[in-house]
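Peer 1: Pasting upload_30.csv below, which is CSV, C-alpha atoms.
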```
chain,number,residue,atom,x,y,z
A,1,MET,CA,-10.9,-16.6,0.2
A,2,ARG,CA,-14.5,-17.3,0.1
A,3,ASN,CA,-13.6,-20.8,-1.0
A,4,GLN,CA,-11.7,-21.4,2.2
A,5,LEU,CA,-14.5,-20.0,4.2
A,6,ALA,CA,-16.9,-22.3,2.4
A,7,LEU,CA,-15.1,-25.0,4.2
A,8,ALA,CA,-17.4,-24.5,7.1
A,9,PHE,CA,-19.5,-27.0,8.8
A,10,ALA,CA,-21.1,-25.5,11.8
A,11,GLY,CA,-21.2,-27.5,14.9
A,12,LEU,CA,-21.0,-27.2,18.5
A,13,LEU,CA,-17.8,-26.3,20.3
A,14,LEU,CA,-15.6,-28.0,22.8
A,15,THR,CA,-13.7,-31.1,22.3
A,16,VAL,CA,-13.9,-33.7,25.0
A,17,PRO,CA,-10.5,-34.8,26.1
A,18,ALA,CA,-9.6,-38.3,25.2
A,19,VAL,CA,-10.4,-40.9,27.8
A,20,GLU,CA,-8.3,-44.0,28.2
A,21,GLY,CA,-10.0,-47.0,26.6
A,22,ALA,CA,-12.5,-44.7,24.7
A,23,ALA,CA,-12.8,-44.6,21.0
A,24,PRO,CA,-10.2,-42.4,19.3
A,25,PRO,CA,-11.5,-39.0,18.2
A,26,TRP,CA,-12.5,-38.6,14.6
A,27,TYR,CA,-9.7,-36.1,14.0
A,28,GLN,CA,-6.8,-38.2,15.2
A,29,ASP,CA,-5.1,-38.2,11.8
A,30,TRP,CA,-5.6,-37.2,8.2
A,31,ASN,CA,-7.1,-40.4,7.2
A,32,SER,CA,-9.7,-40.4,10.0
A,33,ILE,CA,-10.6,-36.8,9.2
A,34,ARG,CA,-11.1,-37.7,5.5
A,35,ARG,CA,-13.3,-40.7,6.4
A,36,ALA,CA,-15.4,-38.6,8.7
A,37,ALA,CA,-15.8,-35.8,6.2
A,38,ALA,CA,-16.9,-38.3,3.5
A,39,GLY,CA,-19.9,-39.2,5.8
A,40,ILE,CA,-21.3,-35.7,5.4
A,41,LYS,CA,-23.5,-35.4,2.3
A,42,THR,CA,-24.9,-31.9,2.7
A,43,ILE,CA,-24.5,-29.0,5.0
A,44,GLU,CA,-26.5,-25.8,5.5
A,45,ALA,CA,-25.5,-23.2,8.1
A,46,SER,CA,-25.4,-19.6,8.9
A,47,PHE,CA,-22.2,-17.8,9.8
A,48,VAL,CA,-21.0,-14.7,11.6
A,49,GLN,CA,-17.8,-13.2,10.4
A,50,THR,CA,-15.9,-10.7,12.6
A,51,ARG,CA,-12.9,-8.8,11.2
A,52,THR,CA,-10.6,-7.0,13.6
A,53,LEU,CA,-8.5,-4.1,12.4
A,54,LYS,CA,-6.0,-2.0,14.3
A,55,ILE,CA,-7.8,1.2,13.2
A,56,LEU,CA,-11.2,0.1,14.4
A,57,SER,CA,-12.1,0.0,18.1
A,58,ARG,CA,-14.8,-2.7,17.4
A,59,PRO,CA,-14.7,-5.4,14.8
A,60,LEU,CA,-16.5,-5.4,11.5
A,61,VAL,CA,-19.4,-7.9,11.6
A,62,SER,CA,-20.7,-9.7,8.5
A,63,ARG,CA,-23.4,-12.3,8.3
A,64,GLY,CA,-24.3,-14.9,5.8
A,65,ILE,CA,-25.3,-18.4,4.9
A,66,MET,CA,-23.6,-21.4,3.3
A,67,ALA,CA,-24.7,-24.6,1.7
A,68,TYR,CA,-22.6,-27.6,0.5
A,69,ARG,CA,-23.6,-30.7,-1.4
A,70,ARG,CA,-21.2,-33.4,-2.0
A,71,PRO,CA,-19.1,-33.7,-4.1
A,72,ASN,CA,-18.6,-30.2,-5.4
A,73,ASP,CA,-21.7,-27.9,-5.0
A,74,LEU,CA,-21.3,-24.8,-2.9
A,75,ARG,CA,-23.2,-21.7,-2.0
A,76,TRP,CA,-21.5,-19.0,0.0
A,77,GLU,CA,-23.6,-15.9,0.5
A,78,TYR,CA,-23.0,-12.7,2.4
A,79,ARG,CA,-26.2,-11.0,3.5
A,80,SER,CA,-24.8,-8.0,5.5
A,81,PRO,CA,-23.3,-5.5,5.2
A,82,LEU,CA,-22.5,-6.5,1.6
A,83,GLN,CA,-24.7,-8.8,-0.4
A,84,THR,CA,-22.6,-11.1,-2.4
A,85,LEU,CA,-23.0,-14.6,-3.7
A,86,LEU,CA,-20.6,-17.4,-4.7
A,87,VAL,CA,-22.2,-20.5,-6.3
A,88,VAL,CA,-20.4,-23.5,-7.6
A,89,HIS,CA,-22.3,-26.2,-9.5
A,90,ALA,CA,-21.6,-28.6,-12.3
A,91,GLY,CA,-18.1,-27.2,-12.6
A,92,ASN,CA,-19.3,-23.6,-13.0
A,93,VAL,CA,-18.3,-20.9,-10.6
A,94,ARG,CA,-20.3,-17.7,-10.4
A,95,ARG,CA,-19.6,-14.8,-8.2
A,96,LEU,CA,-22.3,-12.0,-8.0
A,97,ILE,CA,-23.0,-8.8,-6.2
A,98,GLN,CA,-26.3,-7.4,-5.3
A,99,HIS,CA,-26.6,-3.8,-6.5
A,100,GLY,CA,-29.5,-1.6,-7.3
A,101,GLY,CA,-31.9,-4.5,-6.9
A,102,ALA,CA,-30.1,-6.8,-9.3
A,103,TRP,CA,-27.3,-9.3,-9.2
A,104,VAL,CA,-24.3,-8.3,-11.2
A,105,ALA,CA,-21.1,-10.2,-12.0
A,106,ASP,CA,-18.2,-9.6,-9.5
A,107,ALA,CA,-14.9,-8.9,-11.3
A,108,SER,CA,-13.0,-9.6,-8.1
A,109,ALA,CA,-13.4,-13.3,-8.9
A,110,LYS,CA,-10.4,-12.6,-11.1
A,111,LEU,CA,-8.2,-11.8,-8.1
A,112,GLU,CA,-5.4,-14.4,-8.1
A,113,ALA,CA,-5.6,-15.0,-4.4
A,114,MET,CA,-9.3,-16.0,-4.8
A,115,LYS,CA,-8.6,-18.3,-7.7
A,116,ILE,CA,-5.9,-20.1,-5.7
A,117,VAL,CA,-8.2,-20.7,-2.8
A,118,LEU,CA,-11.0,-21.8,-5.1
A,119,GLY,CA,-8.8,-24.5,-6.3
A,120,GLU,CA,-8.5,-25.8,-2.8
A,121,ILE,CA,-12.1,-25.9,-1.8
A,122,ASN,CA,-12.9,-29.4,-2.8
A,123,LEU,CA,-9.9,-30.8,-1.0
A,124,TRP,CA,-11.1,-29.1,2.2
A,125,LEU,CA,-14.7,-30.1,1.8
A,126,ASP,CA,-13.4,-33.7,1.5
A,127,GLY,CA,-11.3,-33.2,4.7
A,128,ASN,CA,-8.4,-33.9,2.4
A,129,PHE,CA,-6.0,-31.3,3.8
A,130,SER,CA,-3.0,-33.4,3.3
A,131,SER,CA,-3.3,-33.5,-0.5
A,132,SER,CA,-3.1,-29.7,-0.8
A,133,ARG,CA,-0.3,-28.2,-2.8
A,134,THR,CA,-1.1,-24.7,-1.8
A,135,PHE,CA,-1.2,-25.1,2.0
A,136,ARG,CA,0.9,-27.2,4.3
A,137,PRO,CA,-1.4,-28.6,6.9
A,138,GLU,CA,-0.6,-29.2,10.5
A,139,LEU,CA,-3.0,-31.2,12.8
A,140,ARG,CA,-3.1,-29.8,16.3
A,141,PRO,CA,-4.6,-32.2,18.8
A,142,ALA,CA,-7.1,-31.1,21.3
A,143,GLU,CA,-5.8,-29.8,24.6
A,144,PRO,CA,-7.7,-28.9,27.8
A,145,GLY,CA,-9.9,-25.9,26.9
A,146,GLN,CA,-8.7,-26.0,23.3
A,147,PRO,CA,-10.4,-28.0,20.6
A,148,ALA,CA,-8.5,-29.8,17.9
A,149,ARG,CA,-7.7,-27.8,14.9
A,150,VAL,CA,-6.0,-27.8,11.5
A,151,GLU,CA,-3.5,-25.1,10.7
A,152,LEU,CA,-2.8,-24.3,7.1
A,153,HIS,CA,0.3,-22.5,6.1
A,154,PRO,CA,0.8,-21.2,2.6
A,155,VAL,CA,3.5,-23.0,0.6
A,156,ASP,CA,4.1,-20.2,-1.8
A,157,PRO,CA,5.7,-17.2,-0.1
A,158,SER,CA,3.8,-14.8,-2.3
A,159,LEU,CA,0.5,-16.1,-0.9
A,160,GLY,CA,2.0,-16.0,2.5
A,161,LYS,CA,2.4,-12.3,2.1
A,162,ILE,CA,-1.4,-12.1,1.9
A,163,ILE,CA,-2.4,-14.9,4.3
A,164,SER,CA,0.0,-16.0,7.0
A,165,ARG,CA,-2.1,-18.9,8.1
A,166,ILE,CA,-5.6,-20.4,8.4
A,167,THR,CA,-6.8,-22.2,11.5
A,168,ILE,CA,-9.8,-24.5,11.2
A,169,THR,CA,-11.3,-25.4,14.5
A,170,LEU,CA,-12.8,-28.9,14.4
A,171,ALA,CA,-16.1,-29.6,16.0
A,172,GLU,CA,-17.3,-32.7,18.0
A,173,ARG,CA,-19.5,-34.0,15.2
A,174,PRO,CA,-17.3,-36.1,12.9
A,175,GLY,CA,-16.3,-34.3,9.8
A,176,THR,CA,-17.5,-30.9,10.9
A,177,VAL,CA,-15.9,-27.6,11.6
A,178,ASN,CA,-16.8,-25.1,14.2
A,179,ALA,CA,-14.9,-22.0,13.1
A,180,ILE,CA,-12.3,-20.7,10.8
A,181,ASP,CA,-9.7,-18.0,11.4
A,182,ILE,CA,-7.8,-16.3,8.7
A,183,VAL,CA,-4.7,-14.6,9.9
A,184,GLU,CA,-3.0,-11.8,7.9
A,185,GLU,CA,0.3,-10.8,9.5
A,186,GLY,CA,0.0,-7.2,10.5
A,187,GLU,CA,-3.5,-6.8,9.2
A,188,GLY,CA,-5.6,-8.6,11.8
A,189,VAL,CA,-7.8,-11.7,11.8
A,190,THR,CA,-11.0,-12.8,10.1
A,191,HIS,CA,-13.0,-15.1,12.4
A,192,ILE,CA,-15.9,-17.1,11.0
A,193,LYS,CA,-18.2,-18.9,13.4
A,194,PHE,CA,-20.8,-21.3,12.1
A,195,GLU,CA,-24.3,-21.6,13.6
A,196,ASP,CA,-27.5,-23.5,13.2
A,197,ALA,CA,-26.0,-26.2,11.0
A,198,GLN,CA,-28.2,-28.8,9.4
A,199,TYR,CA,-26.7,-31.9,7.9
A,200,ASP,CA,-27.6,-34.4,5.2
A,201,LYS,CA,-30.9,-32.8,4.2
A,202,ALA,CA,-31.8,-32.7,0.5
A,203,ILE,CA,-30.8,-29.4,-1.1
A,204,PRO,CA,-32.3,-28.6,-4.6
A,205,ASP,CA,-30.1,-27.6,-7.5
A,206,GLU,CA,-31.4,-24.1,-7.5
A,207,ARG,CA,-29.5,-23.4,-4.3
A,208,PHE,CA,-26.3,-23.8,-6.3
A,209,GLU,CA,-27.3,-21.7,-9.3
A,210,PRO,CA,-27.2,-18.0,-9.8
A,211,PRO,CA,-30.5,-16.2,-9.3
A,212,ARG,CA,-32.5,-15.6,-12.4
B,1,MET,CA,-20.4,27.3,7.9
B,2,ARG,CA,-23.0,25.1,6.2
B,3,CYS,CA,-20.5,24.1,3.5
B,4,ARG,CA,-18.2,22.5,6.1
B,5,GLN,CA,-21.1,20.3,7.1
B,6,ALA,CA,-20.3,18.3,4.0
B,7,PHE,CA,-17.4,16.8,5.9
B,8,PRO,CA,-17.2,15.0,9.2
B,9,ALA,CA,-15.4,16.7,12.1
B,10,GLN,CA,-12.2,15.0,13.1
B,11,PRO,CA,-11.3,12.6,14.5
B,12,TRP,CA,-13.5,9.9,13.1
B,13,ARG,CA,-13.5,6.4,11.9
B,14,ALA,CA,-16.0,4.9,9.5
B,15,THR,CA,-16.8,1.7,7.6
B,16,HIS,CA,-18.5,1.7,4.3
B,17,THR,CA,-19.6,-0.9,1.8
B,18,ILE,CA,-18.4,0.0,-1.7
B,19,PHE,CA,-19.7,-1.0,-5.0
B,20,ALA,CA,-17.3,-0.1,-7.7
B,21,SER,CA,-18.4,0.2,-11.3
B,22,LEU,CA,-15.2,0.1,-13.3
B,23,PRO,CA,-14.3,0.5,-17.0
B,24,PHE,CA,-15.4,-2.3,-19.4
B,25,GLY,CA,-18.3,-3.4,-17.2
B,26,GLN,CA,-16.1,-4.6,-14.4
B,27,ASN,CA,-17.8,-4.5,-11.0
B,28,GLY,CA,-16.5,-5.2,-7.5
B,29,ALA,CA,-17.7,-5.1,-4.0
B,30,MET,CA,-15.5,-4.2,-1.0
B,31,VAL,CA,-15.6,-2.9,2.5
B,32,GLY,CA,-13.8,0.4,3.1
B,33,VAL,CA,-12.5,1.4,6.5
B,34,THR,CA,-11.2,5.0,7.0
B,35,ALA,CA,-9.7,6.7,10.0
B,36,VAL,CA,-8.9,10.4,10.1
B,37,ASP,CA,-7.4,12.4,12.9
B,38,SER,CA,-4.8,15.1,13.4
B,39,ALA,CA,-2.0,12.7,12.5
B,40,GLY,CA,-3.4,11.9,9.1
B,41,LEU,CA,-5.6,9.7,7.0
B,42,HIS,CA,-5.6,5.8,7.0
B,43,ALA,CA,-7.6,3.9,4.5
B,44,VAL,CA,-8.1,0.1,4.2
B,45,LEU,CA,-10.0,-2.0,1.6
B,46,LEU,CA,-11.3,-5.4,2.5
B,47,SER,CA,-12.8,-8.1,0.3
B,48,PRO,CA,-16.2,-9.4,1.5
B,49,GLU,CA,-14.3,-12.3,3.0
B,50,GLY,CA,-12.3,-9.9,5.1
B,51,ILE,CA,-9.0,-10.2,3.2
B,52,CYS,CA,-7.1,-6.9,3.3
B,53,LEU,CA,-6.7,-5.8,-0.3
B,54,PHE,CA,-5.2,-2.4,0.3
B,55,ASP,CA,-3.9,-0.5,3.3
B,56,ALA,CA,-2.3,2.9,3.1
B,57,SER,CA,-1.9,6.0,5.1
B,58,LYS,CA,-0.9,9.6,4.6
B,59,ASP,CA,0.5,11.7,7.4
B,60,THR,CA,-0.8,15.2,7.8
B,61,GLY,CA,1.5,17.5,5.8
B,62,ALA,CA,3.4,14.7,4.2
B,63,ALA,CA,3.8,14.7,0.4
B,64,ASP,CA,3.9,10.9,0.0
B,65,LEU,CA,1.6,8.0,0.9
B,66,SER,CA,2.7,5.0,2.8
B,67,VAL,CA,1.3,1.9,1.2
B,68,HIS,CA,1.4,-0.9,3.8
B,69,ARG,CA,-0.3,-3.6,1.7
B,70,ALA,CA,-1.6,-3.7,-1.9
B,71,VAL,CA,-2.8,-7.0,-3.4
B,72,PRO,CA,-3.0,-7.2,-7.2
B,73,PRO,CA,-4.6,-5.4,-9.0
B,74,PHE,CA,-4.7,-2.8,-6.2
B,75,ASP,CA,-0.9,-2.5,-6.5
B,76,ARG,CA,-1.0,-1.0,-10.0
B,77,PRO,CA,0.7,2.4,-10.5
B,78,GLY,CA,-1.5,5.3,-9.6
B,79,PHE,CA,-4.1,3.3,-7.7
B,80,ALA,CA,-3.0,4.3,-4.2
B,81,SER,CA,-2.9,8.0,-5.0
B,82,SER,CA,-6.2,7.8,-6.8
B,83,LEU,CA,-7.9,6.1,-3.9
B,84,MET,CA,-6.6,8.4,-1.3
B,85,SER,CA,-7.7,11.3,-3.5
B,86,ASP,CA,-11.2,9.8,-3.7
B,87,VAL,CA,-11.3,9.5,0.1
B,88,GLY,CA,-9.8,12.9,0.6
B,89,HIS,CA,-12.2,14.7,-1.7
B,90,ALA,CA,-15.3,12.9,-0.3
B,91,TYR,CA,-14.5,13.1,3.4
B,92,LEU,CA,-11.8,15.8,4.1
B,93,ALA,CA,-12.7,19.5,4.1
B,94,PRO,CA,-10.5,21.7,2.0
B,95,THR,CA,-8.1,23.7,4.1
B,96,GLY,CA,-8.6,27.4,4.8
B,97,GLU,CA,-11.5,29.6,4.0
B,98,PRO,CA,-13.5,29.4,0.8
B,99,THR,CA,-12.0,31.4,-2.0
B,100,ALA,CA,-15.6,32.4,-3.0
B,101,ILE,CA,-19.2,31.9,-1.9
B,102,GLY,CA,-21.9,32.4,-4.4
B,103,ARG,CA,-24.4,30.7,-6.8
B,104,TYR,CA,-24.2,28.8,-10.0
B,105,ALA,CA,-26.1,30.1,-12.9
B,106,THR,CA,-28.6,27.3,-12.1
B,107,GLY,CA,-29.2,28.9,-8.7
B,108,GLU,CA,-27.5,26.5,-6.4
B,109,SER,CA,-25.5,28.0,-3.5
B,110,VAL,CA,-21.8,27.1,-3.7
B,111,CYS,CA,-18.7,27.4,-1.6
B,112,ARG,CA,-15.5,27.3,-3.6
B,113,TRP,CA,-11.9,26.6,-2.7
B,114,SER,CA,-9.2,27.1,-5.3
B,115,GLN,CA,-5.8,25.7,-4.3
B,116,ALA,CA,-2.8,24.6,-6.3
B,117,GLY,CA,-4.6,24.3,-9.6
B,118,GLU,CA,-7.5,22.4,-8.2
B,119,THR,CA,-11.0,23.8,-7.5
B,120,THR,CA,-13.4,22.3,-5.0
B,121,ASP,CA,-17.0,23.3,-5.0
B,122,VAL,CA,-19.4,22.3,-2.2
B,123,VAL,CA,-22.9,22.6,-3.5
B,124,LEU,CA,-25.7,23.3,-1.0
B,125,GLY,CA,-29.3,22.3,-1.1
B,126,ALA,CA,-32.1,23.7,1.0
B,127,ASP,CA,-31.3,21.2,3.7
B,128,GLY,CA,-27.6,21.4,3.6
B,129,PRO,CA,-24.6,20.1,1.5
B,130,ARG,CA,-25.7,18.0,-1.5
B,131,ALA,CA,-22.6,17.6,-3.6
B,132,VAL,CA,-18.9,18.1,-3.9
B,133,ARG,CA,-17.3,18.8,-7.3
B,134,THR,CA,-13.7,19.0,-8.0
B,135,TYR,CA,-12.0,20.5,-11.1
B,136,ARG,CA,-8.5,20.3,-12.3
B,137,GLU,CA,-7.5,22.7,-15.1
B,138,ALA,CA,-11.2,23.6,-15.4
B,139,GLN,CA,-12.2,20.0,-16.2
B,140,LEU,CA,-14.5,18.1,-13.8
B,141,SER,CA,-12.3,15.5,-12.0
B,142,ARG,CA,-14.7,14.2,-9.4
B,143,GLU,CA,-18.4,14.5,-8.8
B,144,ILE,CA,-19.5,13.4,-5.3
B,145,ASP,CA,-23.2,13.3,-4.4
B,146,LEU,CA,-24.1,13.3,-0.7
B,147,LEU,CA,-27.3,11.4,-0.1
B,148,GLY,CA,-29.5,11.3,2.9
B,149,SER,CA,-29.2,13.1,6.2
B,150,ALA,CA,-25.7,13.2,7.7
B,151,THR,CA,-24.9,12.0,11.2
B,152,GLY,CA,-21.8,13.7,12.6
B,153,GLY,CA,-21.0,14.8,9.0
B,154,LEU,CA,-21.1,11.3,7.6
B,155,PHE,CA,-23.8,10.8,5.0
B,156,PRO,CA,-25.5,7.4,4.8
B,157,ALA,CA,-24.7,7.2,1.1
B,158,VAL,CA,-22.0,8.8,-1.1
B,159,HIS,CA,-21.9,8.4,-4.8
B,160,LEU,CA,-18.5,9.3,-6.4
B,161,ARG,CA,-18.0,9.6,-10.1
B,162,VAL,CA,-14.7,10.0,-11.9
B,163,PRO,CA,-15.5,11.0,-15.5
B,164,GLY,CA,-13.5,10.2,-18.6
B,165,PRO,CA,-12.2,7.1,-20.5
B,166,GLY,CA,-10.7,5.6,-17.4
B,167,GLY,CA,-13.5,6.7,-15.2
B,168,TYR,CA,-15.4,4.8,-12.5
B,169,VAL,CA,-18.2,5.1,-10.0
B,170,LEU,CA,-18.1,4.3,-6.3
B,171,ASP,CA,-21.3,3.8,-4.4
B,172,MET,CA,-20.4,4.0,-0.8
B,173,ARG,CA,-22.9,3.2,2.0
B,174,LEU,CA,-22.1,3.9,5.6
B,175,VAL,CA,-22.1,0.8,7.8
B,176,ASP,CA,-20.6,2.1,11.1
B,177,HIS,CA,-18.8,5.1,12.4
B,178,GLU,CA,-17.2,6.4,15.6
```
Transcribe the structure of this file into structure tokens.
Peer 2:
Amino acid sequence: MRNQLALAFAGLLLTVPAVEGAAPPWYQDWNSIRRAAAGIKTIEASFVQTRTLKILSRPLVSRGIMAYRRPNDLRWEYRSPLQTLLVVHAGNVRRLIQHGGAWVADASAKLEAMKIVLGEINLWLDGNFSSSRTFRPELRPAEPGQPARVELHPVDPSLGKIISRITITLAERPGTVNAIDIVEEGEGVTHIKFEDAQYDKAIPDERFEPPR
Amino acid sequence: MRCRQAFPAQPWRATHTIFASLPFGQNGAMVGVTAVDSAGLHAVLLSPEGICLFDASKDTGAADLSVHRAVPPFDRPGFASSLMSDVGHAYLAPTGEPTAIGRYATGESVCRWSQAGETTDVVLGADGPRAVRTYREAQLSREIDLLGSATGGLFPAVHLRVPGPGGYVLDMRLVDHE
């Protein structure tokens, strides 16, 4: 799941409705999305994740940061209330938990749902939704008051029992994402909103390696 | 009674971070959400990413659990009953009055409930409840340390240990409650 979430490129909201004679939006089809995503070399952003549950009167709020460097480097770090870290670099995937002042390996990386999603992450970061074998994508054009978005539906019914769909809200900046919603039927929604995004700045290798 | 201060007064809902130390060095981090009221107990486990890994409830007086969702490996036999037992022992007061109130040979004040082959001891320190220990057939089955000062009966940190070959440790830290 964290892999899907890693697909976040924070940007500003609101999609400007198309104007006749104006240039087509960057998200008009899968090819244009892929071309736009390819123009992003690095991303760093913070995120706020809110989780609604029927048994809670207010959502659970988590906060973290992410970093991405093309083609395959990723850092997805939760800072509160849990401190966990996912780093992907040079083909190596490490998932760690902060406990007792030290980083320890996270066994939940073995969860099948996580592994499936991890396999998708590079596709998403490439804007290459249409090549996924795990999710069937649908491109929803912008409407008044509603930005363009990509809806992902699990192909495998067994994954569909865990995640009913993922909605990726596209941002105005070409190749970027404003928010992600993970919908679990009967179990609420996880909403991830990206903030303070920085693009195409140099990111050192250490950001994608586990802490020493 | 001071011993009952080990458990929050109902109804309540709470969110905890959980660090689980499992056999063979397996570790995991989750968020636990618990709701308790006169109708029963409802417990949910979430991954850090918010994915619901486990969702179950037990109605008051009911013999069986209702498991609404269990993602592998949380669907393995015995997990649901074990988890609900962990939650119950850590956060639900035993029913009725204590069977005995006294002191361990080490001097600690203790309230004891003995019901249906299980014994629950609430151990008191100078400033209130410090631990809950449960025994089944005279063997320690769970040891729960209550750390910090409670707010509304919910302690900032709870350390639960299940001994034995398949044992595990849960470090639970209170995030929010209502």
Peer 1: My list of candidates is A:Arg75, A:His153, A:Arg133, A:His99. Which is closest to Ile18 of chain B when distances are computed with only C-alpha atoms?
Peer 2: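 For Ile18 of chain B, the nearest of the given residues is A:His99.
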Peer 1: Should the cut-off be 8 Å, what would the residue list for chain B against chain A look like, counting only C-alpha atoms, as a ChimeraX atom specification?
Peer 2: /B:13,17,19,26-31,35,48-52,71-73,175
Peer 1: Between atom CA of Pro141 of chain A and atom CA of Asp196 of chain A, what is the distance in Å, rounded to a tenth?
Peer 2: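 Going from atom CA of Pro141 of chain A over to atom CA of Asp196 of chain A, I get 25.1 Å.
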Peer 1: Compile the contact shell of segment 150-165 of chain B as a PyMOL selection string: residues with an atom at most 12 Å away, counting only C-alpha atoms, same-chain residues fewer than 5 positions apart removed.
Peer 2: chain B and resi 2-24+34+82-83+85-93+127-135+139-145+170-178
Peer 1: Between A:Arg35, A:Arg207, A:Arg165, A:Arg212, which residue has the minimum interatomic distance to Val87 of chain A, considering all atoms listed in the file?
Peer 2: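 Smallest distance to Val87 of chain A is found for A:Arg207.
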Peer 1: Grab the atom CA of Ser57 of chain B to atom CA of Gly40 of chain B distance for me, in Å with one decimal place.
Peer 2: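 Atom-to-atom, atom CA of Ser57 of chain B and atom CA of Gly40 of chain B are spaced 7.3 Å apart.
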Peer 1: Could you list as number ranges by chain every residue that has an atom within 12 Å of (0.4, -28.1, 4.4), using the file's coordinates and counting all atoms listed in the file?
Peer 2: A: 30, 120, 123-124, 128-139, 150-156, 165-167
Peer 1: Between B:Ser47, B:Thr106, B:Ser38, B:Thr60, single out the one closest to Val123 of chain B, counting all atoms listed in the file.
Peer 2: B:Thr106
Peer 1: Tell me, in Å to one decimal, how far atom CA of Pro94 of chain B is from atom CA of Val33 of chain B.
Peer 2: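 These atoms are spaced 20.9 Å apart.
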Peer 1: Which is closer to Ala90 of chain A than all the others in A:Met66, A:Ala102, A:Ile33, A:Leu74, using all atoms listed in the file?
Peer 2: A:Leu74
Peer 1: Tell me which of B:Gly61, B:Gly166, B:Gly78, B:Gly125 sits closest to Gly148 of chain B, counting all atoms listed in the file.
Peer 2: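 Comparing B:Gly61, B:Gly166, B:Gly78, B:Gly125 against Gly148 of chain B, the winner is B:Gly125.
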Peer 1: Might you pull out every residue within 10 Å of Asp205 of chain A, with all atoms listed in the file counted and same-chain residues fewer than 3 positions away left off, and present them as an MDAnalysis selection string?
Peer 2: chainID A and resid 69 73 89:90 202 208:209
Peer 1: So that I have them on file, write out the residues from the current selection with C-alpha atoms, as an mmCIF file, in the coordinates of the input.
Peer 2:
```cif
data_model
loop_
_atom_site.group_PDB
_atom_site.id
_atom_site.type_symbol
_atom_site.label_atom_id
_atom_site.label_comp_id
_atom_site.auth_asym_id
_atom_site.auth_seq_id
_atom_site.Cartn_x
_atom_site.Cartn_y
_atom_site.Cartn_z
ATOM 1 C CA ARG A 69 -23.600 -30.700 -1.400
ATOM 2 C CA ASP A 73 -21.700 -27.900 -5.000
ATOM 3 C CA HIS A 89 -22.300 -26.200 -9.500
ATOM 4 C CA ALA A 90 -21.600 -28.600 -12.300
ATOM 5 C CA ALA A 202 -31.800 -32.700 0.500
ATOM 6 C CA PHE A 208 -26.300 -23.800 -6.300
ATOM 7 C CA GLU A 209 -27.300 -21.700 -9.300
#
```
Peer 1: Using only C-alpha atoms for the distances, tell me which of B:Ala100, B:Val169, B:Leu146, B:Met1 is nearest to Asp121 of chain B.
Peer 2: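 Residue with the minimum atom-to-atom distance to Asp121 of chain B: B:Ala100.
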